[in-house]
$ cat work_0.cif   # mmCIF, C-alpha atoms
data_work
#
loop_
_atom_site.label_atom_id
_atom_site.label_comp_id
_atom_site.auth_asym_id
_atom_site.auth_seq_id
_atom_site.Cartn_x
_atom_site.Cartn_y
_atom_site.Cartn_z
CA MET A 1 -27.51 100.08 -35.16
CA SER A 2 -26.64 100.67 -38.72
CA ASP A 3 -26.64 97.00 -39.80
CA ALA A 4 -30.21 96.39 -38.63
CA PRO A 5 -32.17 94.73 -41.41
CA ASN A 6 -34.79 96.88 -43.04
CA GLY A 7 -38.02 96.94 -41.04
CA PHE A 8 -36.76 94.99 -38.06
CA ARG A 9 -36.40 97.99 -35.78
CA GLU A 10 -39.95 99.12 -36.47
CA TYR A 11 -41.35 95.64 -35.92
CA ALA A 12 -39.44 95.15 -32.68
CA ALA A 13 -40.48 98.53 -31.34
CA ALA A 14 -44.10 97.87 -32.16
CA ARG A 15 -44.33 94.30 -30.88
CA ARG A 16 -41.93 94.30 -27.98
CA GLY A 17 -44.47 95.38 -25.38
CA ALA A 18 -47.04 92.76 -26.32
CA LEU A 19 -44.42 90.05 -26.47
CA ARG A 20 -43.13 91.11 -23.08
CA ARG A 21 -46.58 90.76 -21.51
CA THR A 22 -47.04 87.33 -23.04
CA ALA A 23 -43.60 86.30 -21.76
CA TYR A 24 -44.49 87.56 -18.30
CA LEU A 25 -47.67 85.49 -18.23
CA LEU A 26 -45.60 82.51 -19.22
CA CYS A 27 -42.82 82.87 -16.66
CA GLY A 28 -44.23 85.23 -14.00
CA ASP A 29 -41.05 87.33 -13.84
CA TRP A 30 -40.61 90.63 -15.62
CA TYR A 31 -36.82 90.30 -15.80
CA LEU A 32 -36.98 86.80 -17.20
CA ALA A 33 -39.70 88.02 -19.55
CA ASP A 34 -37.38 90.73 -20.86
CA ASP A 35 -34.68 88.15 -21.37
CA LEU A 36 -37.02 85.80 -23.22
CA VAL A 37 -38.24 88.61 -25.49
CA GLN A 38 -34.73 89.80 -26.22
CA ASP A 39 -33.65 86.28 -27.05
CA ALA A 40 -36.60 85.73 -29.35
CA LEU A 41 -36.14 89.05 -31.12
CA ALA A 42 -32.39 88.47 -31.45
CA GLY A 43 -33.16 85.17 -33.16
CA LEU A 44 -35.60 87.01 -35.40
CA PHE A 45 -32.89 89.60 -36.15
CA VAL A 46 -30.63 86.89 -37.56
CA ARG A 47 -33.34 85.43 -39.79
CA TRP A 48 -35.34 88.58 -40.39
CA ARG A 49 -35.27 88.66 -44.19
CA ARG A 50 -36.19 85.02 -44.60
CA VAL A 51 -38.92 85.08 -41.95
CA ARG A 52 -40.45 88.29 -43.26
CA ALA A 53 -40.36 86.95 -46.80
CA GLY A 54 -42.37 83.98 -45.54
CA GLY A 55 -44.95 86.41 -44.14
CA GLU A 56 -45.17 84.73 -40.74
CA VAL A 57 -43.20 86.93 -38.43
CA ASP A 58 -45.58 86.84 -35.47
CA PRO A 59 -45.92 83.03 -35.38
CA TYR A 60 -42.14 82.70 -35.63
CA VAL A 61 -41.47 85.05 -32.73
CA ARG A 62 -44.21 83.48 -30.66
CA ARG A 63 -42.73 80.05 -31.24
CA MET A 64 -39.26 81.32 -30.27
CA LEU A 65 -40.70 82.85 -27.13
CA VAL A 66 -42.50 79.70 -26.02
CA ASN A 67 -39.52 77.52 -26.86
CA GLY A 68 -37.27 79.78 -24.82
CA TYR A 69 -39.66 79.60 -21.88
CA LEU A 70 -39.94 75.82 -22.06
CA ALA A 71 -36.15 75.59 -22.38
CA THR A 72 -35.68 77.44 -19.08
CA HIS A 73 -37.79 74.77 -17.43
CA ARG A 74 -35.84 71.95 -19.00
CA ARG A 75 -32.62 73.27 -17.52
CA GLY A 76 -31.60 72.30 -14.06
CA TRP A 77 -31.51 75.89 -12.88
CA ARG A 78 -34.20 78.44 -13.51
CA ARG A 79 -35.13 81.72 -12.03
CA GLU A 80 -38.70 80.86 -11.24
CA LEU A 81 -39.31 78.45 -8.41
CA ALA A 82 -42.74 76.93 -8.09
CA VAL A 83 -43.52 76.89 -4.37
CA ALA A 84 -46.68 76.24 -2.46
CA ASP A 85 -46.65 79.60 -0.73
CA LEU A 86 -45.37 82.81 -2.20
CA PRO A 87 -42.48 84.13 -0.11
CA GLU A 88 -43.86 87.64 -0.09
CA THR A 89 -47.35 88.81 -0.68
CA ALA A 90 -47.56 92.44 -1.58
CA ALA A 91 -50.29 94.44 -0.05
CA PRO A 92 -53.09 94.99 -2.50
CA GLY A 93 -52.49 98.24 -4.24
CA HIS A 94 -54.84 100.57 -5.91
CA GLY A 95 -57.38 98.55 -7.86
CA ASP A 96 -55.81 95.20 -6.80
CA ASP A 97 -57.98 93.02 -4.62
CA GLY A 98 -55.50 90.15 -4.41
CA THR A 99 -56.46 88.59 -7.70
CA ARG A 100 -52.89 88.90 -8.99
CA ASP A 101 -51.41 86.77 -6.27
CA VAL A 102 -54.08 84.14 -6.58
CA LEU A 103 -53.66 84.02 -10.32
CA LEU A 104 -49.86 83.92 -10.19
CA ARG A 105 -50.03 81.03 -7.76
CA ALA A 106 -52.59 79.25 -9.89
CA LEU A 107 -50.47 79.73 -13.01
CA SER A 108 -47.37 78.47 -11.25
CA ASP A 109 -49.28 75.31 -10.34
CA LEU A 110 -49.72 74.49 -14.00
CA HIS A 111 -47.25 72.42 -15.95
CA PRO A 112 -45.13 74.68 -18.21
CA SER A 113 -46.68 73.33 -21.40
CA GLN A 114 -50.16 73.60 -19.92
CA ARG A 115 -49.43 77.16 -18.85
CA ALA A 116 -48.26 77.92 -22.38
CA VAL A 117 -51.52 76.53 -23.76
CA VAL A 118 -53.57 78.72 -21.43
CA VAL A 119 -51.59 81.87 -22.26
CA LEU A 120 -51.66 81.28 -26.00
CA ARG A 121 -55.33 80.35 -26.08
CA TYR A 122 -56.80 82.92 -23.67
CA TRP A 123 -54.31 85.75 -23.80
CA GLU A 124 -52.99 85.64 -27.34
CA ASP A 125 -56.41 84.51 -28.63
CA LEU A 126 -54.86 81.84 -30.82
CA SER A 127 -57.03 79.12 -32.21
CA VAL A 128 -56.59 75.51 -31.19
CA GLU A 129 -54.77 74.80 -34.45
CA GLN A 130 -52.45 77.79 -34.11
CA THR A 131 -51.65 76.85 -30.51
CA ALA A 132 -50.92 73.29 -31.55
CA THR A 133 -48.60 74.57 -34.27
CA VAL A 134 -46.68 76.79 -31.87
CA LEU A 135 -46.28 74.04 -29.30
CA GLY A 136 -45.75 71.27 -31.82
CA CYS A 137 -48.46 69.04 -30.41
CA SER A 138 -51.86 67.75 -31.49
CA THR A 139 -55.06 69.79 -31.39
CA GLY A 140 -56.60 67.25 -29.06
CA ASN A 141 -53.79 67.80 -26.63
CA VAL A 142 -54.32 71.55 -26.81
CA LYS A 143 -58.02 71.17 -26.16
CA SER A 144 -57.57 68.95 -23.15
CA GLN A 145 -54.76 71.03 -21.69
CA ALA A 146 -56.73 74.24 -22.22
CA ALA A 147 -59.82 72.82 -20.58
CA ARG A 148 -57.91 71.59 -17.55
CA GLY A 149 -55.95 74.82 -17.23
CA LEU A 150 -59.07 76.90 -17.53
CA ALA A 151 -60.82 74.83 -14.91
CA HIS A 152 -57.84 75.14 -12.58
CA LEU A 153 -57.66 78.92 -12.94
CA ARG A 154 -61.40 79.38 -12.51
CA ALA A 155 -61.38 77.21 -9.45
CA ALA A 156 -58.55 79.24 -7.95
CA LEU A 157 -60.26 82.52 -8.77
CA GLY A 158 -63.57 81.18 -7.51
CA ARG A 159 -62.06 80.20 -4.18
CA SER A 160 -60.61 83.68 -3.85
CA GLY A 161 -63.95 85.26 -4.67
CA ALA A 162 -62.54 87.06 -7.66
CA LEU A 163 -65.21 85.68 -9.92
CA GLU A 164 -68.67 87.12 -9.73
CA GLY A 165 -71.18 84.83 -8.07
CA GLU A 166 -68.45 82.53 -6.68
CA PRO A 167 -68.06 82.07 -2.94
CA ALA A 168 -65.08 83.79 -1.39
CA MET B 1 -65.11 82.95 -26.55
CA THR B 2 -67.14 81.72 -23.66
CA VAL B 3 -67.87 83.60 -20.46
CA HIS B 4 -65.42 81.46 -18.55
CA GLU B 5 -62.71 82.21 -21.03
CA GLU B 6 -63.49 85.92 -20.82
CA GLU B 7 -63.14 85.76 -17.07
CA VAL B 8 -59.72 84.15 -17.32
CA ARG B 9 -58.64 86.61 -19.95
CA ALA B 10 -59.69 89.50 -17.74
CA ALA B 11 -57.75 87.99 -14.87
CA LEU B 12 -54.63 87.63 -17.05
CA ALA B 13 -55.01 91.28 -18.02
CA VAL B 14 -54.95 92.18 -14.36
CA LEU B 15 -51.61 90.37 -14.02
CA VAL B 16 -49.91 92.49 -16.63
CA ALA B 17 -51.59 95.70 -15.60
CA ASN B 18 -48.64 96.85 -13.50
CA GLU B 19 -46.12 96.31 -16.27
CA PRO B 20 -42.87 98.15 -15.54
CA GLY B 21 -41.28 100.31 -18.17
CA LEU B 22 -39.22 98.76 -20.91
CA PRO B 23 -35.54 98.65 -19.91
CA SER B 24 -34.23 100.06 -23.14
CA GLY B 25 -34.89 100.40 -26.82
CA THR B 26 -34.21 97.90 -29.53
CA ALA B 27 -30.49 98.69 -29.76
CA ASP B 28 -29.59 96.02 -27.23
CA ILE B 29 -31.65 93.49 -29.16
CA GLU B 30 -29.85 94.41 -32.36
CA ARG B 31 -26.47 94.07 -30.66
CA ARG B 32 -27.50 90.69 -29.31
CA GLY B 33 -28.71 89.64 -32.74
CA THR B 34 -25.50 90.84 -34.35
CA ARG B 35 -23.39 88.82 -31.92
CA ARG B 36 -25.55 85.78 -32.54
CA ARG B 37 -25.22 86.23 -36.29
CA VAL B 38 -21.45 86.49 -36.01
CA ARG B 39 -21.31 83.37 -33.87
CA ARG B 40 -23.52 81.58 -36.37
CA ARG B 41 -21.29 82.57 -39.27
CA VAL B 42 -18.19 81.52 -37.36
CA ALA B 43 -19.78 78.19 -36.55
CA VAL B 44 -20.83 77.64 -40.16
CA GLY B 45 -17.37 78.65 -41.33
CA ALA B 46 -15.77 76.28 -38.87
CA LEU B 47 -18.05 73.46 -39.99
CA ALA B 48 -17.08 74.15 -43.57
CA ALA B 49 -13.40 74.54 -42.75
CA VAL B 50 -13.03 71.31 -40.80
CA PRO B 51 -13.54 68.94 -43.74
CA LEU B 52 -11.46 71.19 -45.99
CA LEU B 53 -8.65 71.25 -43.45
CA ALA B 54 -8.91 67.50 -42.95
CA GLY B 55 -8.75 67.00 -46.69
CA ALA B 56 -5.74 69.26 -47.00
CA VAL B 57 -3.96 67.39 -44.23
CA ALA B 58 -4.83 64.07 -45.82
CA VAL B 59 -3.52 65.23 -49.18
CA ALA B 60 -0.35 66.54 -47.57
CA VAL B 61 0.27 63.32 -45.69
CA TRP B 62 -0.89 60.77 -48.26
CA PRO B 63 1.94 60.91 -50.82
CA ALA B 64 4.61 60.69 -48.13
CA ALA B 65 7.87 58.95 -49.03
CA PRO B 66 8.13 55.25 -48.17
CA PRO B 67 9.93 54.48 -44.94
CA ARG B 68 13.62 54.90 -45.27
CA GLN B 69 15.85 51.86 -45.13
CA VAL B 70 17.76 51.75 -41.93
CA ALA B 71 20.88 50.42 -43.55
CA GLN B 72 21.83 51.14 -47.09
CA LEU B 73 22.48 47.96 -49.00
CA PRO B 74 25.95 47.80 -50.50
CA SER B 75 25.86 48.93 -54.03
CA SER B 76 26.34 46.10 -56.45
CA PRO B 77 28.39 46.61 -59.61
CA PRO B 78 26.39 47.12 -62.74
CA ALA B 79 25.55 43.96 -64.52
CA VAL B 80 27.88 43.26 -67.43
CA ALA B 81 26.78 41.03 -70.22
CA ASP B 82 29.04 38.01 -70.24
CA PRO B 83 28.85 35.99 -73.47
CA ASN B 84 30.11 32.96 -71.65
CA ALA B 85 27.88 33.27 -68.62
CA GLY B 86 26.68 29.86 -67.56
CA SER B 87 29.01 28.06 -69.94
CA GLN B 88 32.29 26.32 -69.23
CA LEU B 89 33.22 26.11 -72.88
CA ALA B 90 36.42 27.76 -73.88
CA ILE B 91 36.34 30.75 -76.11
CA GLY B 92 39.18 29.47 -78.33
CA PHE B 93 39.56 26.50 -80.61
CA PRO B 94 38.28 23.50 -78.67
CA VAL B 95 40.81 20.81 -77.86
CA GLY B 96 38.21 18.16 -78.55
CA SER B 97 37.67 19.35 -82.13
CA ALA B 98 41.40 19.34 -82.81
CA VAL B 99 41.80 15.86 -81.28
CA ASP B 100 38.89 14.47 -83.32
CA ALA B 101 40.28 15.99 -86.55
CA VAL B 102 43.77 14.58 -85.94
CA SER B 103 42.46 11.19 -84.84
CA ASP B 104 40.36 10.82 -88.01
CA ALA B 105 43.27 11.88 -90.26
CA LEU B 106 45.87 9.51 -88.82
CA PRO B 107 46.86 6.60 -91.05
CA ALA B 108 46.19 3.01 -90.17
CA GLY B 109 48.43 1.71 -87.46
CA VAL B 110 48.82 5.06 -85.84
CA SER B 111 46.36 6.15 -83.17
CA LEU B 112 46.14 8.40 -80.19
CA ALA B 113 46.50 7.01 -76.73
CA GLU B 114 44.27 7.89 -73.83
CA LEU B 115 44.39 11.63 -73.26
CA PRO B 116 45.73 12.89 -69.98
CA MET B 117 43.50 14.98 -67.68
CA ASP B 118 45.56 18.12 -68.16
CA VAL B 119 45.61 18.05 -71.94
CA GLY B 120 45.37 21.55 -73.38
CA TRP B 121 46.84 24.19 -75.61
CA ARG B 122 50.19 25.45 -74.58
CA THR B 123 51.23 29.06 -74.59
CA ASP B 124 52.99 28.68 -77.96
CA GLY B 125 49.77 27.45 -79.56
CA SER B 126 50.83 23.80 -79.61
CA LEU B 127 48.95 20.77 -78.39
CA ALA B 128 50.78 17.56 -77.36
CA LEU B 129 48.80 14.35 -77.81
CA PRO B 130 50.20 10.94 -76.74
CA LEU B 131 50.32 8.13 -79.31
CA SER B 132 49.37 4.58 -78.54
CA ARG B 133 52.67 3.31 -79.96
CA GLY B 134 54.62 5.65 -77.77
CA GLY B 135 55.80 9.14 -78.28
CA GLU B 136 53.54 12.10 -78.85
CA LEU B 137 52.00 14.01 -81.67
CA THR B 138 52.48 17.76 -81.61
CA LEU B 139 49.84 19.95 -83.22
CA THR B 140 50.50 23.65 -83.68
CA VAL B 141 47.88 26.12 -84.80
CA GLY B 142 48.94 29.68 -85.48
CA ASN B 143 48.98 32.39 -88.13
CA GLY B 144 46.31 30.59 -90.10
CA THR B 145 48.39 27.47 -90.53
CA CYS B 146 48.34 24.08 -88.91
CA VAL B 147 51.40 21.90 -88.43
CA VAL B 148 51.43 18.28 -87.26
CA SER B 149 54.58 16.43 -86.36
CA ALA B 150 54.93 12.94 -84.97
CA PRO B 151 57.70 10.32 -85.03
CA HIS B 152 55.52 7.73 -86.71
CA LEU B 153 54.19 9.98 -89.50
CA ASN B 154 55.83 10.83 -92.79
CA VAL B 155 55.50 14.24 -94.35
CA ALA B 156 52.43 13.43 -96.40
CA GLN B 157 50.62 11.86 -93.46
CA ALA B 158 51.57 14.78 -91.28
CA GLU B 159 50.28 17.28 -93.87
CA ALA B 160 47.03 15.32 -94.23
CA ALA B 161 46.53 15.45 -90.48
CA ALA B 162 47.37 19.16 -90.45
CA ASP B 163 44.88 19.87 -93.26
CA ALA B 164 42.18 18.02 -91.33
CA VAL B 165 42.88 20.11 -88.26
CA CYS B 166 42.80 23.35 -90.30
CA ALA B 167 39.49 22.31 -91.84
CA ALA B 168 38.04 21.79 -88.38
CA TRP B 169 39.57 25.08 -87.24
CA ARG B 170 37.96 27.00 -90.09
CA ALA B 171 34.65 25.19 -89.54
CA ALA B 172 34.72 26.48 -85.94
CA GLY B 173 35.11 30.05 -87.21
CA SER B 174 38.91 30.32 -87.00
CA PRO B 175 38.93 30.90 -83.27
CA PRO B 176 42.15 31.78 -81.46
CA VAL B 177 44.01 29.17 -79.57
CA VAL B 178 43.70 29.77 -75.85
CA PRO B 179 46.30 28.13 -73.65
CA ALA B 180 44.97 25.98 -70.84
CA GLY B 181 45.53 26.82 -67.18
CA PRO B 182 45.61 30.18 -65.42
CA ALA B 183 46.09 32.88 -67.97
CA GLY B 184 45.52 36.54 -67.46
CA PRO B 185 43.73 38.37 -64.65
CA GLU B 186 40.27 36.97 -65.43
CA GLN B 187 40.89 33.49 -64.15
CA PRO B 188 41.11 34.26 -60.43
CA GLU B 189 37.94 36.36 -60.69
CA LEU B 190 36.13 33.50 -62.37
CA ALA B 191 37.24 31.24 -59.57
CA THR B 192 35.72 33.57 -56.99
CA ARG B 193 32.40 33.58 -58.76
#
$ encode --input "work_0.cif" --output "structure tokens"
Amino acid sequence: MSDAPNGFREYAAARRGALRRTAYLLCGDWYLADDLVQDALAGLFVRWRRVRAGGEVDPYVRRMLVNGYLATHRRGWRRELAVADLPETAAPGHGDDGTRDVLLRALSDLHPSQRAVVVLRYWEDLSVEQTATVLGCSTGNVKSQAARGLAHLRAALGRSGALEGEPA
Amino acid sequence: MTVHEEEVRAALAVLVANEPGLPSGTADIERRGTRRRVRRRVAVGALAAVPLLAGAVAVAVWPAAPPRQVAQLPSSPPAVADPNAGSQLAIGFPVGSAVDAVSDALPAGVSLAELPMDVGWRTDGSLALPLSRGGELTLTVGNGTCVVSAPHLNVAQAEAAADAVCAAWRAAGSPPVVPAGPAGPEQPELATR
């Protein structure tokens, strides 16, 4: 598009894939992930010059992404439904020993904000302070939520035998 | 990062390993951003226009004309300055001044009787005053001269009385003699007021 601000197209093309994966880990749905990423990047498009001048494009987009994800959970209707049993379990494909299903179920058990803490801390490799800034909460809250989320995921993976040395 | 954290990170990487292809390029994002920017500008413009519009309406309505009178009051005639407004005094030579002048100039033994209620100047400029000994004294003022005639007065006494009346007449500013009673079209109008 001809009215794209200078540098936005290059940034979006370079970061879209990574943002999409983060969004998927947050919501567990590739279509919703695409929608969240588009929404975040569209918001960045509007404020591109000001955000880039501030030099914090990645934190801004990340915050938009997480806010969009949390907003879908605040609404009455959302695409993702947290259920005890997945309606369909795909047969393990090549190189998949069932860890995906176990992990998706374990992630869906987490509270949305706790899930966001886990994704930002252990997938985006953000520090406690950076995670607290994105979520707008205290560092102590991030630490406690991250510890509980980590324990929950490890327990789920351990029960499934996905972790080395853990009983199946 | 601890071992436990590495394990979770590796598991998360497994989740996104089968990532499907991107649906499209960045053109759709730019279109979405453009629409959002337009909506934002419209919203900002509307927010700015609302107080301006309200102010314009207020200015247009504020200096409105006062409510019209349902019935037009009958137009009153323009006020005319009346030199005699609020006064019952006659414009002409007062009867009282003429009576006082004549009474003071009468010789001894001749005096005026009690004046009737309708005493006043006649249309010929004469004034008839009753005498206590009977008869009446006639005083005429006109053309700058005064004439007194009475059955009990000789010529000299009559001229003395006439001179006294003329002196009083000049002292009053030589006013005209206005006959008593209805005279002219003004009197009925005065009565209506």
$ atom_distance --input "work_0.cif" --atom1 "atom CA of Trp123 of chain A" --atom2 "atom CA of Arg9 of chain B"
5.9 Å
$ interface_residues --input "work_0.cif" --of "chain B" --to "chain A" --cutoff "12 Å" --atoms "all atoms listed in the file" --output "PyMOL selection string"
chain B and resi 1-41
$ atom_distance --input "work_0.cif" --atom1 "atom CA of Thr145 of chain B" --atom2 "atom CA of Pro116 of chain B"
25.3 Å
$ atom_distance --input "work_0.cif" --atom1 "atom CA of Met117 of chain B" --atom2 "atom CA of Ala172 of chain B"
23.3 Å
$ closest_residue --input "work_0.cif" --among "B:Ala128, B:Glu114, B:Trp62, B:Val57" --to "Ala98 of chain B" --atoms "all atoms listed in the file"
B:Ala128
$ resolve_selection --input "work_0.cif" --expression "the PyMOL selection byres ((chain A and resi 132-143) around 10)" --output "PDB file with C-alpha atoms, in the coordinates of the input"
ATOM      1  CA  PRO A  59     -45.920  83.030 -35.380  1.00  0.00           C
ATOM      2  CA  TYR A  60     -42.140  82.700 -35.630  1.00  0.00           C
ATOM      3  CA  VAL A  61     -41.470  85.050 -32.730  1.00  0.00           C
ATOM      4  CA  ARG A  62     -44.210  83.480 -30.660  1.00  0.00           C
ATOM      5  CA  ARG A  63     -42.730  80.050 -31.240  1.00  0.00           C
ATOM      6  CA  MET A  64     -39.260  81.320 -30.270  1.00  0.00           C
ATOM      7  CA  LEU A  65     -40.700  82.850 -27.130  1.00  0.00           C
ATOM      8  CA  VAL A  66     -42.500  79.700 -26.020  1.00  0.00           C
ATOM      9  CA  ASN A  67     -39.520  77.520 -26.860  1.00  0.00           C
ATOM     10  CA  LEU A  70     -39.940  75.820 -22.060  1.00  0.00           C
ATOM     11  CA  SER A 113     -46.680  73.330 -21.400  1.00  0.00           C
ATOM     12  CA  GLN A 114     -50.160  73.600 -19.920  1.00  0.00           C
ATOM     13  CA  ALA A 116     -48.260  77.920 -22.380  1.00  0.00           C
ATOM     14  CA  VAL A 117     -51.520  76.530 -23.760  1.00  0.00           C
ATOM     15  CA  VAL A 118     -53.570  78.720 -21.430  1.00  0.00           C
ATOM     16  CA  LEU A 120     -51.660  81.280 -26.000  1.00  0.00           C
ATOM     17  CA  ARG A 121     -55.330  80.350 -26.080  1.00  0.00           C
ATOM     18  CA  LEU A 126     -54.860  81.840 -30.820  1.00  0.00           C
ATOM     19  CA  SER A 127     -57.030  79.120 -32.210  1.00  0.00           C
ATOM     20  CA  VAL A 128     -56.590  75.510 -31.190  1.00  0.00           C
ATOM     21  CA  GLU A 129     -54.770  74.800 -34.450  1.00  0.00           C
ATOM     22  CA  GLN A 130     -52.450  77.790 -34.110  1.00  0.00           C
ATOM     23  CA  THR A 131     -51.650  76.850 -30.510  1.00  0.00           C
ATOM     24  CA  SER A 144     -57.570  68.950 -23.150  1.00  0.00           C
ATOM     25  CA  GLN A 145     -54.760  71.030 -21.690  1.00  0.00           C
ATOM     26  CA  ALA A 146     -56.730  74.240 -22.220  1.00  0.00           C
ATOM     27  CA  ALA A 147     -59.820  72.820 -20.580  1.00  0.00           C
ATOM     28  CA  ARG A 148     -57.910  71.590 -17.550  1.00  0.00           C
ATOM     29  CA  GLY A 149     -55.950  74.820 -17.230  1.00  0.00           C
TER      30      GLY A 149
END
$ axis_aligned_box --input "work_0.cif" --around "segment 51-59 of chain A" --padding-each-side "3 Å" --output "lines of an AutoDock Vina configuration file"
center_x = -42.4
center_y = 85.7
center_z = -41.1
size_x = 13.0
size_y = 11.3
size_z = 17.4
